[in-house]
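Q: Just dropping this structure here.
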Amino acid sequence: MRLYLIGMPGAGKTTLGRGLATAYEVPFRDLDQEIVRREQRSIPDIFLQDGEAYFREREAAVLRDLVAELPNLVLATGGGTPCFHQNLELLLETGLALYLAVPIPELVRRVQQQAASRPLLAALPDATALETRLTETLAARQQFYDRAPLRCAASACSVEAVQQLIERFNAAV
Ligand SMILES: Nc1ncnc2c1ncn2[C@@H]1O[C@H](COP(=O)(O)OP(=O)(O)O)[C@@H](O)[C@H]1O
Ligand SMILES: O=C(O)C1=C[C@@H](OP(=O)(O)O)[C@@H](O)[C@H](O)C1
Ligand SMILES: [Mg+2]
């Protein structure tokens with residue numbers, strides 16, 4: 001099985017992904033961490049030195065490498081992954097995508113502490129600006145996220161709840 005977690009920055013893709021990989025006893029990969037490992041520099045440095053377009057190219061290439069390499073995995077994608085370079089189509093064709101839906105105020109709370117590690121959200125003056133940016137970003141991305149066959153609301157997104165969701169999905173198809 002390949003399980004792909006998609007959703008906004010702060011949705012909990014990395015956190016939940018680790019738990020799901022342990023529960024299913026399959027390898028866990030975090031796409032951002034794989035990019036960092038291969039580039040030998042941080043995500044903010046990649047954005048700063050080479051820009052978003054370069055990051056998106058690397059993101060698409062590393063995603064394809066991971067899919068080719070691992071028939072079983074839980075993958076935490078980056079928030080923008082499904083929105084570039086036909087990545088969503090790849091995810092839908094090669095595994096099961098789960099959208100973690102989290103309300104904007106909760107995203108603001110979670111991301112506020114870590115804005116510096118997320119270049120697209122860094123350098124915003126306050127929580128209001130962060131909220132505006134996240135709202136605009138979600139509006140543009142919702143059409144991509146909504147194509148995932150599985151969706152879980154933040155309040156219900158435990159490892160066990162997701163496992164039940166997947167069982168029901170597999171039984172229905
Ligand atoms: N279910 C949750 N409830 C509360 N906080 C969470 C939850 N999942 C993740 N977080 C916190 O939110 C922040 C972002 O989580 P992370 O897994 O890095 O999200 P993503 O990879 O989707 O950007 C982290 O500080 C993490 O501890
Ligand atoms: O939303 C985005 O476009 C991004 C989200 C980040 O991942 P997280 O969703 O894990 O923060 C990371 O890929 C990069 O900073 C771009
Ligand atoms: Mg992450």
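Going through the structure tokens in order, the chains are called A, B, and so on, while each chain numbers its residues from 1 and the ligands are numbered from 1 in the order shown.
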Output the neighbourhood of ligand 1 as a list in words, that is, all protein and nucleic acid residues with some atom at most 8 Å from the ligand, counting only C-alpha atoms and all ligand atoms.
A: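 Going residue by residue within 8 Å of ligand 1, we get Ile6, Gly7, Met8, Pro9, Gly10, Ala11, Gly12, Lys13, Thr14, Thr15, Leu16, Gly17, Ala76, Thr77, Gly78, Gly79, Leu107, Arg110, Val111, Gln113, Gln114, Ala154, Ser155, Cys157 and Ser158 of chain A.
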Q: I need the chosen residues saved as a tab-separated table (two decimals), in the first residue's frame, with N, CA and C atoms.
A:
chain	number	residue	atom	x	y	z
A	6	ILE	N	-2.16	14.52	2.28
A	6	ILE	CA	-2.12	15.84	1.67
A	6	ILE	C	-2.91	16.83	2.52
A	7	GLY	N	-2.60	18.10	2.38
A	7	GLY	CA	-3.31	19.14	3.14
A	7	GLY	C	-2.38	20.32	3.42
A	8	MET	N	-2.97	21.32	4.02
A	8	MET	CA	-2.27	22.58	4.25
A	8	MET	C	-1.08	22.43	5.20
A	9	PRO	N	-0.15	23.38	5.16
A	9	PRO	CA	0.92	23.41	6.17
A	9	PRO	C	0.29	23.47	7.56
A	10	GLY	N	0.76	22.62	8.45
A	10	GLY	CA	0.22	22.59	9.80
A	10	GLY	C	-0.94	21.61	9.97
A	11	ALA	N	-1.36	20.97	8.88
A	11	ALA	CA	-2.49	20.05	8.97
A	11	ALA	C	-2.16	18.81	9.81
A	12	GLY	N	-0.87	18.49	9.92
A	12	GLY	CA	-0.47	17.32	10.70
A	12	GLY	C	-0.05	16.15	9.83
A	13	LYS	N	0.31	16.41	8.58
A	13	LYS	CA	0.70	15.34	7.65
A	13	LYS	C	1.92	14.58	8.16
A	14	THR	N	2.92	15.33	8.60
A	14	THR	CA	4.15	14.69	9.07
A	14	THR	C	3.88	13.91	10.36
A	15	THR	N	3.16	14.53	11.27
A	15	THR	CA	2.90	13.92	12.58
A	15	THR	C	2.05	12.66	12.44
A	16	LEU	N	0.93	12.78	11.74
A	16	LEU	CA	0.03	11.62	11.57
A	16	LEU	C	0.68	10.55	10.70
A	17	GLY	N	1.43	10.99	9.69
A	17	GLY	CA	2.08	10.04	8.77
A	17	GLY	C	2.99	9.08	9.50
A	76	ALA	N	4.22	11.70	3.80
A	76	ALA	CA	3.72	13.04	4.12
A	76	ALA	C	4.22	13.97	3.02
A	77	THR	N	3.30	14.52	2.24
A	77	THR	CA	3.69	15.45	1.18
A	77	THR	C	3.85	16.85	1.79
A	78	GLY	N	4.31	17.79	0.98
A	78	GLY	CA	4.28	19.19	1.40
A	78	GLY	C	2.92	19.78	1.04
A	79	GLY	N	2.58	20.90	1.67
A	79	GLY	CA	1.26	21.48	1.44
A	79	GLY	C	0.95	21.77	-0.02
A	107	LEU	N	-5.02	26.02	12.02
A	107	LEU	CA	-3.77	26.07	11.26
A	107	LEU	C	-2.92	27.26	11.72
A	110	ARG	N	-1.22	26.45	14.96
A	110	ARG	CA	-0.13	25.47	14.86
A	110	ARG	C	1.09	26.02	14.14
A	111	VAL	N	0.83	26.80	13.08
A	111	VAL	CA	1.93	27.23	12.21
A	111	VAL	C	2.65	28.44	12.80
A	113	GLN	N	3.98	29.10	15.57
A	113	GLN	CA	5.24	28.81	16.26
A	113	GLN	C	6.37	28.46	15.30
A	114	GLN	N	5.99	28.05	14.08
A	114	GLN	CA	7.02	27.48	13.19
A	114	GLN	C	7.11	28.20	11.86
A	154	ALA	N	-9.84	17.37	11.12
A	154	ALA	CA	-8.77	17.43	12.13
A	154	ALA	C	-9.19	16.82	13.45
A	155	SER	N	-10.39	17.12	13.87
A	155	SER	CA	-10.84	16.69	15.19
A	155	SER	C	-10.98	15.17	15.28
A	157	CYS	N	-8.92	12.93	13.46
A	157	CYS	CA	-7.82	12.36	12.70
A	157	CYS	C	-6.81	11.56	13.51
A	158	SER	N	-7.28	10.63	14.33
A	158	SER	CA	-6.32	9.77	15.02
A	158	SER	C	-5.87	8.65	14.08
Q: Of the candidates A:Glu39, A:Glu167, A:Glu52, A:Asp30, which shows the shortest atom-to-atom distance to ligand 3, using only C-alpha atoms and all ligand atoms?
A: A:Asp30
Q: With a distance cut-off of 12 Å and only C-alpha atoms, select the neighbouring residues of Leu150 in chain A, excluding the residue or stretch itself and same-chain residues fewer than 2 positions from it, and output the selection as number ranges by chain.
A: A: 3-7, 92, 95-101, 145-148, 152-153, 157, 161-170
Q: Skip Leu120 in chain A itself and residues of its chain fewer than 2 positions away, then list as a PyMOL selection string all residues within 12 Å of it, counting only C-alpha atoms.
A: chain A and resi 8-9+43-44+46-48+51-52+55+78-80+111+114-118+122-124+130+133-134+137
Q: Range 36-128 of chain A: which residues are alpha helix (DSSP H) by DSSP, as a ChimeraX atom specification?
A: /A:36-39,43-69,87-94,104-112,127-128
Q: Would you write out those residues with C-alpha atoms, as a PDB file, in the first residue's frame?
A:
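To be explicit, this is the file written out as selection-v6.pdb:
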ATOM      1  CA  VAL A  36      16.456  18.472   2.282  1.00  0.00           C
ATOM      2  CA  ARG A  37      18.532  15.290   2.449  1.00  0.00           C
ATOM      3  CA  ARG A  38      19.209  15.246  -1.284  1.00  0.00           C
ATOM      4  CA  GLU A  39      19.871  18.979  -1.562  1.00  0.00           C
ATOM      5  CA  ILE A  43      13.703  24.265   2.638  1.00  0.00           C
ATOM      6  CA  PRO A  44      14.048  28.005   3.469  1.00  0.00           C
ATOM      7  CA  ASP A  45      17.551  27.999   1.936  1.00  0.00           C
ATOM      8  CA  ILE A  46      16.288  26.320  -1.252  1.00  0.00           C
ATOM      9  CA  PHE A  47      13.526  28.930  -1.603  1.00  0.00           C
ATOM     10  CA  LEU A  48      15.901  31.785  -0.807  1.00  0.00           C
ATOM     11  CA  GLN A  49      18.746  30.692  -3.075  1.00  0.00           C
ATOM     12  CA  ASP A  50      16.872  29.188  -6.037  1.00  0.00           C
ATOM     13  CA  GLY A  51      13.225  30.221  -5.714  1.00  0.00           C
ATOM     14  CA  GLU A  52       9.915  28.397  -5.593  1.00  0.00           C
ATOM     15  CA  ALA A  53       9.954  27.184  -9.221  1.00  0.00           C
ATOM     16  CA  TYR A  54      13.203  25.291  -8.548  1.00  0.00           C
ATOM     17  CA  PHE A  55      11.764  23.842  -5.324  1.00  0.00           C
ATOM     18  CA  ARG A  56       8.673  22.617  -7.193  1.00  0.00           C
ATOM     19  CA  GLU A  57      10.853  20.892  -9.800  1.00  0.00           C
ATOM     20  CA  ARG A  58      12.860  19.122  -7.118  1.00  0.00           C
ATOM     21  CA  GLU A  59       9.674  18.259  -5.214  1.00  0.00           C
ATOM     22  CA  ALA A  60       8.158  16.622  -8.324  1.00  0.00           C
ATOM     23  CA  ALA A  61      11.361  14.726  -9.121  1.00  0.00           C
ATOM     24  CA  VAL A  62      11.917  13.443  -5.569  1.00  0.00           C
ATOM     25  CA  LEU A  63       8.250  12.414  -5.377  1.00  0.00           C
ATOM     26  CA  ARG A  64       8.655  10.327  -8.530  1.00  0.00           C
ATOM     27  CA  ASP A  65      11.848   8.729  -7.182  1.00  0.00           C
ATOM     28  CA  LEU A  66      10.116   7.739  -3.925  1.00  0.00           C
ATOM     29  CA  VAL A  67       7.109   6.247  -5.716  1.00  0.00           C
ATOM     30  CA  ALA A  68       9.360   4.240  -8.033  1.00  0.00           C
ATOM     31  CA  GLU A  69      11.466   3.026  -5.122  1.00  0.00           C
ATOM     32  CA  ASN A  87       1.713  15.491  -8.879  1.00  0.00           C
ATOM     33  CA  LEU A  88      -1.895  14.948  -7.848  1.00  0.00           C
ATOM     34  CA  GLU A  89      -2.490  12.684 -10.844  1.00  0.00           C
ATOM     35  CA  LEU A  90       0.569  10.661  -9.868  1.00  0.00           C
ATOM     36  CA  LEU A  91      -0.675  10.343  -6.290  1.00  0.00           C
ATOM     37  CA  LEU A  92      -4.153   9.268  -7.416  1.00  0.00           C
ATOM     38  CA  GLU A  93      -2.744   6.672  -9.826  1.00  0.00           C
ATOM     39  CA  THR A  94      -0.171   5.098  -7.529  1.00  0.00           C
ATOM     40  CA  ILE A 104      -7.915  27.967   9.365  1.00  0.00           C
ATOM     41  CA  PRO A 105      -7.855  29.214  13.011  1.00  0.00           C
ATOM     42  CA  GLU A 106      -6.332  25.898  14.090  1.00  0.00           C
ATOM     43  CA  LEU A 107      -3.766  26.072  11.259  1.00  0.00           C
ATOM     44  CA  VAL A 108      -2.838  29.600  12.375  1.00  0.00           C
ATOM     45  CA  ARG A 109      -2.288  28.390  15.946  1.00  0.00           C
ATOM     46  CA  ARG A 110      -0.135  25.467  14.864  1.00  0.00           C
ATOM     47  CA  VAL A 111       1.930  27.232  12.213  1.00  0.00           C
ATOM     48  CA  GLN A 112       2.508  30.427  14.201  1.00  0.00           C
ATOM     49  CA  ALA A 127      -1.540  36.368  13.152  1.00  0.00           C
ATOM     50  CA  THR A 128      -4.047  38.325  11.045  1.00  0.00           C
TER      51      THR A 128
END
Q: Give me, as a list in words, the residues of range 41-138 of chain A that a backbone DSSP run labels strand (DSSP E or B).
A: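 The strand (DSSP E or B) residues within range 41-138 of chain A come out as Leu73, Val74, Leu75, Ala76, Leu96, Ala97, Leu98, Tyr99, Leu100 and Ala101 of chain A.
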Q: Write the residues of the preceding selection, restricted to N, CA and C atoms, as a JSON list (two decimals), in the first residue's frame.
A:
[["chain", "number", "residue", "atom", "x", "y", "z"],
["A", 73, "LEU", "N", 4.49, 2.45, 1.36],
["A", 73, "LEU", "CA", 4.97, 3.58, 2.14],
["A", 73, "LEU", "C", 3.82, 4.46, 2.59],
["A", 74, "VAL", "N", 4.09, 5.17, 3.69],
["A", 74, "VAL", "CA", 3.24, 6.31, 4.04],
["A", 74, "VAL", "C", 4.07, 7.55, 3.74],
["A", 75, "LEU", "N", 3.52, 8.44, 2.92],
["A", 75, "LEU", "CA", 4.25, 9.64, 2.53],
["A", 75, "LEU", "C", 3.51, 10.89, 3.00],
["A", 76, "ALA", "N", 4.22, 11.70, 3.80],
["A", 76, "ALA", "CA", 3.72, 13.04, 4.12],
["A", 76, "ALA", "C", 4.22, 13.97, 3.02],
["A", 96, "LEU", "N", -3.25, 5.69, -2.33],
["A", 96, "LEU", "CA", -4.47, 6.22, -1.74],
["A", 96, "LEU", "C", -4.15, 7.56, -1.08],
["A", 97, "ALA", "N", -4.86, 8.60, -1.50],
["A", 97, "ALA", "CA", -4.60, 9.93, -0.95],
["A", 97, "ALA", "C", -5.63, 10.27, 0.13],
["A", 98, "LEU", "N", -5.13, 10.80, 1.22],
["A", 98, "LEU", "CA", -5.98, 11.22, 2.35],
["A", 98, "LEU", "C", -5.77, 12.71, 2.58],
["A", 99, "TYR", "N", -6.86, 13.45, 2.51],
["A", 99, "TYR", "CA", -6.80, 14.90, 2.77],
["A", 99, "TYR", "C", -7.11, 15.18, 4.24],
["A", 100, "LEU", "N", -6.18, 15.80, 4.91],
["A", 100, "LEU", "CA", -6.39, 16.21, 6.31],
["A", 100, "LEU", "C", -6.96, 17.62, 6.30],
["A", 101, "ALA", "N", -8.23, 17.73, 6.64],
["A", 101, "ALA", "CA", -8.92, 19.02, 6.61],
["A", 101, "ALA", "C", -8.88, 19.67, 7.99]]
Q: Would you work out the distance separating atom 1 (Mg, counted along the ligand's line) of ligand 3 from CA of Pro103 in chain A, expressed in Å to one decimal?
A: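 Between atom 1 (Mg, counted along the ligand's line) of ligand 3 and CA of Pro103 in chain A the gap is 16.8 Å.
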Q: Could you tell me how far CA of Phe144 in chain A sits from atom 1 (Mg, counted along the ligand's line) of ligand 3, in Å to one decimal place?
A: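 Interatomic distance here is 17.5 Å.
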